[in-house]
Structure formats: C-alpha cells, structure tokens
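Asks: Supplied structure: model-v6.txt, compact mmCIF, C-alpha atoms and all ligand atoms.
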```
# COMPACT_ATOMS: atom_id res chain seq x y z
CA MET S 13 76.38 165.43 -82.20
CA SER S 14 78.30 167.77 -79.87
CA THR S 15 77.14 165.76 -76.83
CA LEU S 16 78.54 162.61 -78.40
CA GLU S 17 81.83 164.37 -79.19
CA ARG S 18 82.15 165.81 -75.67
CA GLY S 19 81.55 162.36 -74.17
CA ASN S 20 84.29 160.81 -76.32
CA CYS S 21 81.64 158.65 -78.06
CA LEU S 22 82.70 159.98 -81.46
CA LEU S 23 86.25 160.19 -82.72
CA SER S 24 87.63 162.07 -85.68
CA VAL S 25 88.44 159.79 -88.61
CA SER S 26 91.97 161.25 -88.47
CA ALA S 27 92.44 160.03 -84.88
CA TYR S 28 94.16 156.93 -86.20
CA ASP S 29 97.51 157.59 -87.88
CA PRO S 30 99.43 154.48 -89.03
CA GLN S 31 102.70 156.47 -88.86
CA ASP S 32 102.17 157.35 -85.18
CA ARG S 33 103.47 154.45 -83.10
CA TYR S 34 101.05 155.17 -80.24
CA SER S 35 97.98 155.73 -82.39
CA ARG S 36 96.15 152.46 -81.67
CA HIS S 37 96.82 152.88 -77.94
CA ALA S 38 95.41 156.41 -78.20
CA LEU S 39 92.10 154.92 -79.42
CA PHE S 40 92.17 152.62 -76.38
CA TYR S 41 92.68 155.56 -73.97
CA GLU S 42 89.81 157.44 -75.64
CA LEU S 43 87.69 154.33 -75.06
CA SER S 44 88.07 155.03 -71.30
CA GLY S 45 86.95 158.62 -71.81
CA ALA S 46 90.51 159.93 -71.35
CA ASP S 47 92.32 162.56 -73.42
CA ALA S 48 94.83 160.36 -75.29
CA GLU S 49 97.43 163.11 -75.76
CA ARG S 50 97.42 163.80 -72.04
CA VAL S 51 97.77 160.07 -71.23
CA GLN S 52 100.72 159.77 -73.62
CA ARG S 53 102.42 162.86 -72.12
CA ARG S 54 102.00 161.45 -68.61
CA LEU S 55 103.50 158.11 -69.69
CA ALA S 56 106.42 159.86 -71.40
CA SER S 57 107.29 161.71 -68.20
CA ALA S 58 107.06 158.57 -66.01
CA HIS S 59 109.92 156.44 -64.64
CA VAL S 60 109.33 152.83 -63.58
CA LEU S 61 111.84 150.79 -61.61
CA LEU S 62 111.58 147.02 -62.11
CA LEU S 63 113.00 144.71 -59.46
CA GLY S 64 113.34 141.41 -61.32
CA CYS S 65 113.91 140.89 -65.06
CA GLY S 66 112.72 137.27 -65.32
CA GLY S 67 109.46 135.96 -66.77
CA ILE S 68 107.28 138.77 -65.49
CA GLY S 69 109.93 141.51 -65.62
CA ASN S 70 110.66 140.71 -69.31
CA LEU S 71 107.06 141.08 -70.41
CA VAL S 72 106.11 144.03 -68.20
CA ALA S 73 109.24 145.90 -69.33
CA VAL S 74 108.62 145.41 -73.05
CA THR S 75 104.95 146.36 -72.63
CA LEU S 76 105.81 149.60 -70.80
CA ALA S 77 108.73 150.54 -73.08
CA THR S 78 106.76 150.05 -76.28
CA ALA S 79 103.74 151.89 -74.78
CA GLY S 80 105.92 155.00 -74.42
CA VAL S 81 106.83 155.03 -70.72
CA GLY S 82 109.70 157.54 -70.65
CA ALA S 83 112.26 155.78 -68.45
CA LEU S 84 112.84 152.30 -67.06
CA THR S 85 115.44 151.09 -64.58
CA LEU S 86 115.97 147.33 -64.72
CA VAL S 87 117.42 145.57 -61.66
CA ASP S 88 118.43 141.90 -61.51
CA ALA S 89 121.43 139.99 -60.16
CA ASP S 90 120.82 136.87 -62.26
CA HIS S 91 122.28 135.70 -65.55
CA VAL S 92 120.31 134.15 -68.41
CA GLU S 93 119.92 130.34 -68.25
CA LEU S 94 118.50 127.97 -70.86
CA SER S 95 115.66 127.03 -68.48
CA ASN S 96 114.46 130.69 -68.64
CA LEU S 97 113.64 130.62 -72.35
CA THR S 98 110.12 129.14 -72.00
CA ARG S 99 108.84 132.47 -70.64
CA GLN S 100 111.60 135.13 -70.70
CA PHE S 101 110.95 135.78 -74.37
CA LEU S 102 113.34 138.70 -74.90
CA PHE S 103 116.31 136.38 -74.23
CA THR S 104 117.79 133.91 -76.72
CA GLU S 105 120.17 130.93 -76.46
CA ALA S 106 123.01 133.28 -77.43
CA ASP S 107 122.34 135.34 -74.26
CA ALA S 108 122.96 132.42 -71.87
CA GLY S 109 125.40 133.49 -69.18
CA SER S 110 124.86 137.26 -69.72
CA PRO S 111 123.32 139.51 -67.03
CA LYS S 112 119.53 139.59 -67.46
CA SER S 113 119.16 143.33 -66.81
CA GLN S 114 121.75 144.19 -69.47
CA VAL S 115 120.30 141.87 -72.15
CA LEU S 116 116.79 143.15 -71.43
CA ALA S 117 118.01 146.77 -71.69
CA ARG S 118 119.59 146.02 -75.10
CA GLU S 119 116.36 144.46 -76.40
CA LEU S 120 114.16 147.32 -75.14
CA ARG S 121 116.43 149.96 -76.76
CA ARG S 122 115.99 148.14 -80.07
CA ARG S 123 112.21 148.32 -79.72
CA ASN S 124 111.86 151.92 -78.51
CA PRO S 125 114.96 154.13 -78.69
CA GLY S 126 112.89 156.94 -77.13
CA CYS S 127 112.67 155.10 -73.80
CA ARG S 128 115.59 155.87 -71.44
CA ILE S 129 116.77 152.52 -70.09
CA ARG S 130 119.20 151.97 -67.26
CA SER S 131 120.29 148.52 -66.07
CA VAL S 132 121.64 147.49 -62.67
CA VAL S 133 123.24 144.09 -62.07
CA GLY S 134 122.46 143.34 -58.43
CA ALA S 135 119.68 142.66 -55.95
CA PRO S 136 118.69 145.01 -53.13
CA ALA S 137 119.24 143.29 -49.78
CA ASP S 138 118.18 146.08 -47.43
CA THR S 139 116.66 149.55 -47.22
CA GLU S 140 120.02 151.21 -47.91
CA ASP S 141 120.27 149.28 -51.20
CA LEU S 142 116.74 150.42 -52.15
CA ARG S 143 117.55 154.05 -51.33
CA ALA S 144 120.66 153.83 -53.54
CA LEU S 145 118.55 152.98 -56.63
CA PRO S 146 117.31 155.81 -58.90
CA GLU S 147 114.07 157.45 -57.77
CA ALA S 148 111.05 156.33 -59.78
CA ASP S 149 107.32 157.09 -59.94
CA LEU S 150 106.49 153.41 -59.46
CA LEU S 151 108.35 150.27 -58.38
CA LEU S 152 107.27 146.92 -59.80
CA VAL S 153 108.47 143.89 -57.89
CA SER S 154 108.63 140.60 -59.77
CA ALA S 155 111.64 139.06 -58.00
CA ASP S 156 111.09 136.09 -55.72
CA SER S 157 113.72 136.94 -53.07
CA PRO S 158 112.40 136.12 -49.56
CA GLY S 159 111.39 139.24 -47.63
CA LEU S 160 111.73 141.62 -50.60
CA THR S 161 108.05 142.60 -50.74
CA GLY S 162 108.06 143.65 -47.05
CA LEU S 163 111.26 145.62 -47.56
CA VAL S 164 109.94 147.39 -50.66
CA ASN S 165 106.60 148.11 -48.97
CA ALA S 166 108.24 149.79 -45.96
CA HIS S 167 110.56 151.79 -48.27
CA CYS S 168 107.73 152.93 -50.55
CA VAL S 169 105.34 153.85 -47.73
CA ASP S 170 108.18 155.80 -46.10
CA SER S 171 109.08 157.64 -49.31
CA GLY S 172 105.50 158.04 -50.61
CA ARG S 173 106.10 156.05 -53.82
CA ALA S 174 103.66 153.77 -55.61
CA TRP S 175 104.53 150.08 -55.96
CA LEU S 176 102.99 146.92 -57.34
CA ASN S 177 103.80 143.24 -56.95
CA ALA S 178 103.29 140.78 -59.83
CA CYS S 179 103.96 137.06 -59.57
CA TYR S 180 102.53 133.58 -60.02
CA VAL S 181 101.52 131.06 -57.40
CA ASN S 182 101.54 127.64 -59.06
CA ASP S 183 98.95 128.06 -61.86
CA ILE S 184 97.57 131.35 -60.54
CA ALA S 185 98.55 134.65 -62.19
CA VAL S 186 98.78 137.20 -59.37
CA TRP S 187 99.15 140.97 -59.27
CA GLY S 188 98.55 143.70 -56.73
CA PRO S 189 97.79 145.36 -54.54
CA LEU S 190 98.78 148.60 -56.25
CA VAL S 191 100.03 150.47 -53.19
CA LEU S 192 99.60 154.25 -53.27
CA PRO S 193 100.92 155.41 -49.88
CA GLY S 194 98.41 157.53 -47.99
CA ILE S 195 95.61 156.60 -50.42
CA THR S 196 95.28 152.80 -50.56
CA GLY S 197 96.08 149.94 -48.22
CA CYS S 198 99.67 148.68 -48.13
CA TRP S 199 101.20 145.18 -48.24
CA ASP S 200 101.08 144.97 -44.42
CA CYS S 201 97.49 146.19 -43.85
CA ARG S 202 95.97 142.69 -44.31
CA PRO S 203 97.50 139.19 -44.41
CA LEU S 204 97.98 138.52 -48.13
CA THR S 205 100.22 135.45 -48.28
CA ALA S 206 100.30 132.07 -46.53
CA SER S 207 102.77 131.76 -43.67
CA ALA S 208 103.65 129.18 -41.02
CA PRO S 209 101.59 129.52 -37.83
CA ALA S 210 103.35 132.04 -35.56
CA ASP S 211 102.37 130.10 -32.42
CA GLU S 212 103.99 126.86 -33.65
CA PRO S 213 107.70 127.63 -34.22
CA GLU S 214 108.61 123.94 -34.48
CA LEU S 215 106.17 123.51 -37.35
CA ALA S 216 107.68 126.53 -39.11
CA VAL S 217 111.18 124.98 -38.81
CA LEU S 218 109.87 121.63 -40.14
CA ILE S 219 108.18 123.29 -43.13
CA GLY S 220 111.38 125.20 -43.86
CA ARG S 221 113.41 121.96 -43.77
CA ILE S 222 111.00 120.06 -46.06
CA ASN S 223 110.95 122.92 -48.58
CA ALA S 224 114.65 123.79 -48.39
CA ARG S 225 115.26 122.83 -52.03
CA TYR S 226 111.84 123.87 -53.35
CA GLN S 227 111.82 125.28 -56.87
CA ALA S 228 108.60 127.06 -57.86
CA PRO S 229 106.90 125.71 -61.03
CA SER S 230 106.72 128.39 -63.73
CA ASN S 231 104.89 128.50 -67.05
CA GLY S 232 104.98 130.88 -70.01
CA PRO S 233 101.25 131.54 -70.39
CA VAL S 234 100.77 132.11 -66.62
CA ASN S 235 103.69 134.57 -66.65
CA MET S 236 102.11 136.33 -69.64
CA LEU S 237 98.76 136.58 -67.89
CA ALA S 238 100.18 138.11 -64.69
CA SER S 239 102.52 140.41 -66.67
CA SER S 240 99.90 141.76 -69.01
CA LEU S 241 97.36 142.53 -66.31
CA ALA S 242 100.00 144.09 -64.03
CA ALA S 243 101.35 146.20 -66.93
CA LEU S 244 97.84 147.39 -67.77
CA ASP S 245 97.35 148.56 -64.17
CA VAL S 246 100.72 150.38 -64.30
CA LEU S 247 99.68 152.13 -67.51
CA ARG S 248 96.28 153.04 -66.03
CA HIS S 249 97.88 154.50 -62.92
CA LEU S 250 100.72 156.38 -64.63
CA GLY S 251 98.66 157.44 -67.66
CA GLY S 252 95.59 158.43 -65.66
CA PHE S 253 92.97 156.48 -67.63
CA GLY S 254 90.47 153.94 -66.31
CA VAL S 255 90.76 152.44 -62.81
CA PRO S 256 93.52 149.94 -61.90
CA ALA S 257 91.97 146.52 -61.10
CA SER S 258 94.44 146.01 -58.24
CA LEU S 259 93.58 149.13 -56.22
CA ASN S 260 93.05 147.93 -52.63
CA ARG S 261 93.06 144.28 -53.65
CA ARG S 262 95.40 141.48 -54.64
CA MET S 263 94.11 139.83 -57.79
CA GLY S 264 94.49 136.24 -58.90
CA VAL S 265 93.40 134.45 -62.08
CA TRP S 266 93.37 130.66 -61.70
CA SER S 267 94.46 129.57 -65.15
CA HIS S 268 93.06 126.01 -64.93
CA ASP S 269 89.43 127.20 -64.78
CA MET S 270 89.75 130.99 -65.30
CA SER S 271 88.16 131.79 -61.95
CA ILE S 272 89.11 135.17 -60.50
CA GLN S 273 89.92 135.85 -56.88
CA ALA S 274 90.23 139.29 -55.28
CA GLN S 275 91.82 139.40 -51.82
CA PRO S 276 90.84 142.57 -49.93
CA ALA S 277 93.88 144.79 -49.33
CA ASP S 278 92.17 147.96 -48.17
CA ARG S 279 93.72 150.30 -45.65
CA ASP S 280 93.98 149.35 -41.99
CA PRO S 281 94.18 152.61 -40.00
CA TYR S 282 96.13 150.72 -37.28
CA CYS S 283 98.67 149.19 -39.71
CA SER S 284 102.13 149.43 -38.12
CA THR S 285 103.80 150.22 -41.47
ZN ZN D 1 99.43 149.18 -44.21
```
Represent the structure of the file as structure tokens.
Replies:
Amino acid sequence: MSTLERGNCLLSVSAYDPQDRYSRHALFYELSGADAERVQRRLASAHVLLLGCGGIGNLVAVTLATAGVGALTLVDADHVELSNLTRQFLFTEADAGSPKSQVLARELRRRNPGCRIRSVVGAPADTEDLRALPEADLLLVSADSPGLTGLVNAHCVDSGRAWLNACYVNDIAVWGPLVLPGITGCWDCRPLTASAPADEPELAVLIGRINARYQAPSNGPVNMLASSLAALDVLRHLGGFGVPASLNRRMGVWSHDMSIQAQPADRDPYCST
C-alpha cells in the first residue's frame, strides 16, 4: 500500500474537493507523478506575457488564467472585427471596434479575479519595445507580424527568458519550439520555416509581389488545437509536471488527417544567436 501511495498510484478520496476551483487539475498533475500543491504554487507565482490576443492568444490566455497562472500581460495593437468571431471566442459583436487586449483582459478578470491582468495596446517593433514590456517568466508569441519571432528569440536568448511560438499554417496546428535559453535549441538553431531561396533574390521579389495582399486562412478548430497544446506545454513548463511536447522540436498536427509532424529544433552549438 505505502509503495502505491509513494508512487502517486493511490490518491486520498478527499483529494477532490468540488469547492476548490483547481481540484480537477490537481488530479491531472498527480497523474504525472507531480505534487499538485507544488504545481499550483508554481503556477500562481508565474507571469506570462502574450504577444497577440487573436485566435490563439484568446484561448491560451483563458486557459492559463483559469488554470491559476498568477499574472498575464496581454499585448495587441488590433481592434476587434466581426471576422474575428469564428475563433476569438472571448469577443462578442458588442466588442467590435474595441482594443483586443483590453476586451480580453476584461473577460479574463470575470473568469478568475485572482489572476493579475495587465493589457497593452500596441505591437513591439524592435528590441527596445520588447525591453519596455513587463518582465515575465515566459513569452508566448501568437502574433503574425513579419520578423517578430526572430526579434523575440534574440531578446529572450539575450535575457535568458523562456518563449514559445504558437500558430497555424493553413490547416496545420503548430506550436514550439519551447525555447529555454542555455538548455534547449533556439528559433535560429535550425531552419524551421519556409523562405525564398537566398541565392535567387529576383525570385524572392517576385514571390513578395504575388503574395502582397495574401491573407492567411484561419479556422476555429485549428486555432483551438494549436492553442490547447501550446497552453498545456506552458503549464507543464511553469508548473513543473510532465515533459513539454515542444522541447527541442516544432510540432504540427495536420488537421485533415491528424498526422503529427515534429521538426527537430535541438541546439546548434555554432548558432549565431
Ligand atoms: Zn540557436
């Protein structure tokens, strides 16, 4: 019996308390062999900074806030549009025209008043802008501004902060790599995204011209898939239970046939970043 108890194979019948908002999550942490009280304390002392409050930012933010993450800073320059409502589920028609970060902050406070929420209306354009944001234990990037991932990667590697990218590529839900500077690979260690051939500048210009007005397709369920799996990895890392699926790899779930792809993102000792 004591062996089973020590190995977290047996739980006290009182472990589940319907009046404790985190009780069902506690059972989940115990499932990984973790001490649930310790996980919850770690989450309560954590601060996550979200760059992007759209489809993925909405769902990651509400997952982290309701799971008991202590503080969230929400950053977005955009305002709510009707075309957002198919996947940015914390917004309503009445919010159209309002700043996304402020509406999201209002909705999160309603769901967990214990979570300290700060909202910033704006988008970081350079390293100085990133340095001006509040310090956090982890940055999650779900904004699609060109060049932002490279900027965030350099900033986080320089300052020793964890960061994670979550997005979608057509029908593929994508998250990772979870970058832990000095421990895992970073965004620049391996080529992770498609780019125009560097030795054919004319082709790069042509591709840019053809795609000048490109608008990425986006879909509620694919956003939910990427958001939920990214949020779970954030909780694993900050709470210290289980192993994040996106450590040293960029993960993709192809929603049309549910195949899973893992791009290696392990550390390159000669990486310039
Ligand atoms: Zn690197």
Asks: Between S:Val87, S:Cys179, S:Ala206, S:Ala277, which is the closest to Val265 in chain S once you count only C-alpha atoms?
Replies: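 Checking each of S:Val87, S:Cys179, S:Ala206, S:Ala277 against Val265 in chain S, counting only C-alpha atoms, the winner is S:Cys179.
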Asks: Of the candidates S:Thr104, S:Ser171, S:Asn165, S:Ser230, which shows the shortest atom-to-atom distance to ligand ZN 1 (chain D), using only C-alpha atoms and all ligand atoms?
Replies: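 Comparing S:Thr104, S:Ser171, S:Asn165, S:Ser230 against ligand ZN 1 (chain D), the winner is S:Asn165.
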Asks: Collect all residues with atoms no farther than 12 Å from ligand ZN 1 (chain D), counting all atoms listed in the file, and output them as a VMD selection string.
Replies: chain S and resid 162 165 to 166 168 to 170 189 191 to 204 260 277 to 285
Asks: With only C-alpha atoms counted and 7 Å as the cut-off, give the residues of range 65-120 of chain S in contact with range 239-257 of chain S, each with its shortest interatomic distance in Å and the pair that gives it, as a tab-separated table.
Replies:
```
residue	atom	partner	partner_atom	distance
S:Ile68	CA	S:Ser239	CA	5.2
S:Leu71	CA	S:Ser239	CA	5.9
S:Val72	CA	S:Ser239	CA	5.3
S:Thr75	CA	S:Ala243	CA	6.7
S:Leu76	CA	S:Ala243	CA	6.8
```
Asks: List the neighbours of Ile219 in chain S out to 9 Å using all atoms listed in the file; skip same-chain residues closer than 5 positions along the sequence, and give me the result as a list in words.
Replies: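 So, after excluding close chain neighbours, the residues are Ala208, Glu214 and Ala224 of chain S.
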Asks: Closest to Val164 in chain S among S:Ala89, S:Leu63, S:Leu94, S:Met270, using only C-alpha atoms?
Replies: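 Of the candidates, the smallest distance to Val164 in chain S is held by S:Leu63.
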Asks: Identify which of the residues S:Val92, S:Arg262, S:Ala228, S:Asp183 lies closest to Glu105 in chain S, counting all atoms listed in the file when measuring atom-to-atom distances.
Replies: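 Counting all atoms listed in the file, the residue closest to Glu105 in chain S is S:Val92.
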Asks: So how far away is CA of Ala117 in chain S from CA of Gln227 in chain S, in Å?
Replies: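 Distance between the two atoms: 26.8 Å.
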Asks: For Leu151 in chain S, find every residue with an atom within 9 Å (counting only C-alpha atoms), except residues of its own chain fewer than 4 positions away, and show them as a PyMOL selection string.
Replies: chain S and resi 59-63+164+168+173-177
Asks: List the neighbours of Arg36 in chain S out to 12 Å using only C-alpha atoms; skip same-chain residues closer than 4 positions along the sequence, and give me the result as a list of chain:residue names.
Replies: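 After dropping sequence-adjacent residues, the list is S:Ser26, S:Ala27, S:Tyr28, S:Asp29, S:Pro30, S:Gln31, S:Asp32, S:Phe40, S:Tyr41, S:Glu42, S:Leu43, S:Ala48, S:Gln52, S:Ala79.
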Asks: Can you work out which one of S:Asn124, S:Arg33, S:Gly188, S:Asn231 has the shortest atom-to-atom distance to Asn96 in chain S, counting all atoms listed in the file?
Replies: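 Checking each of S:Asn124, S:Arg33, S:Gly188, S:Asn231 against Asn96 in chain S, counting all atoms listed in the file, the winner is S:Asn231.
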Asks: Which residues are near Gln273 in chain S? Cut-off 10 Å, only C-alpha atoms, ignore same chain within fewer than 3 positions. Put them as number ranges by chain.
Replies: S: 184, 186, 261-266, 270, 276
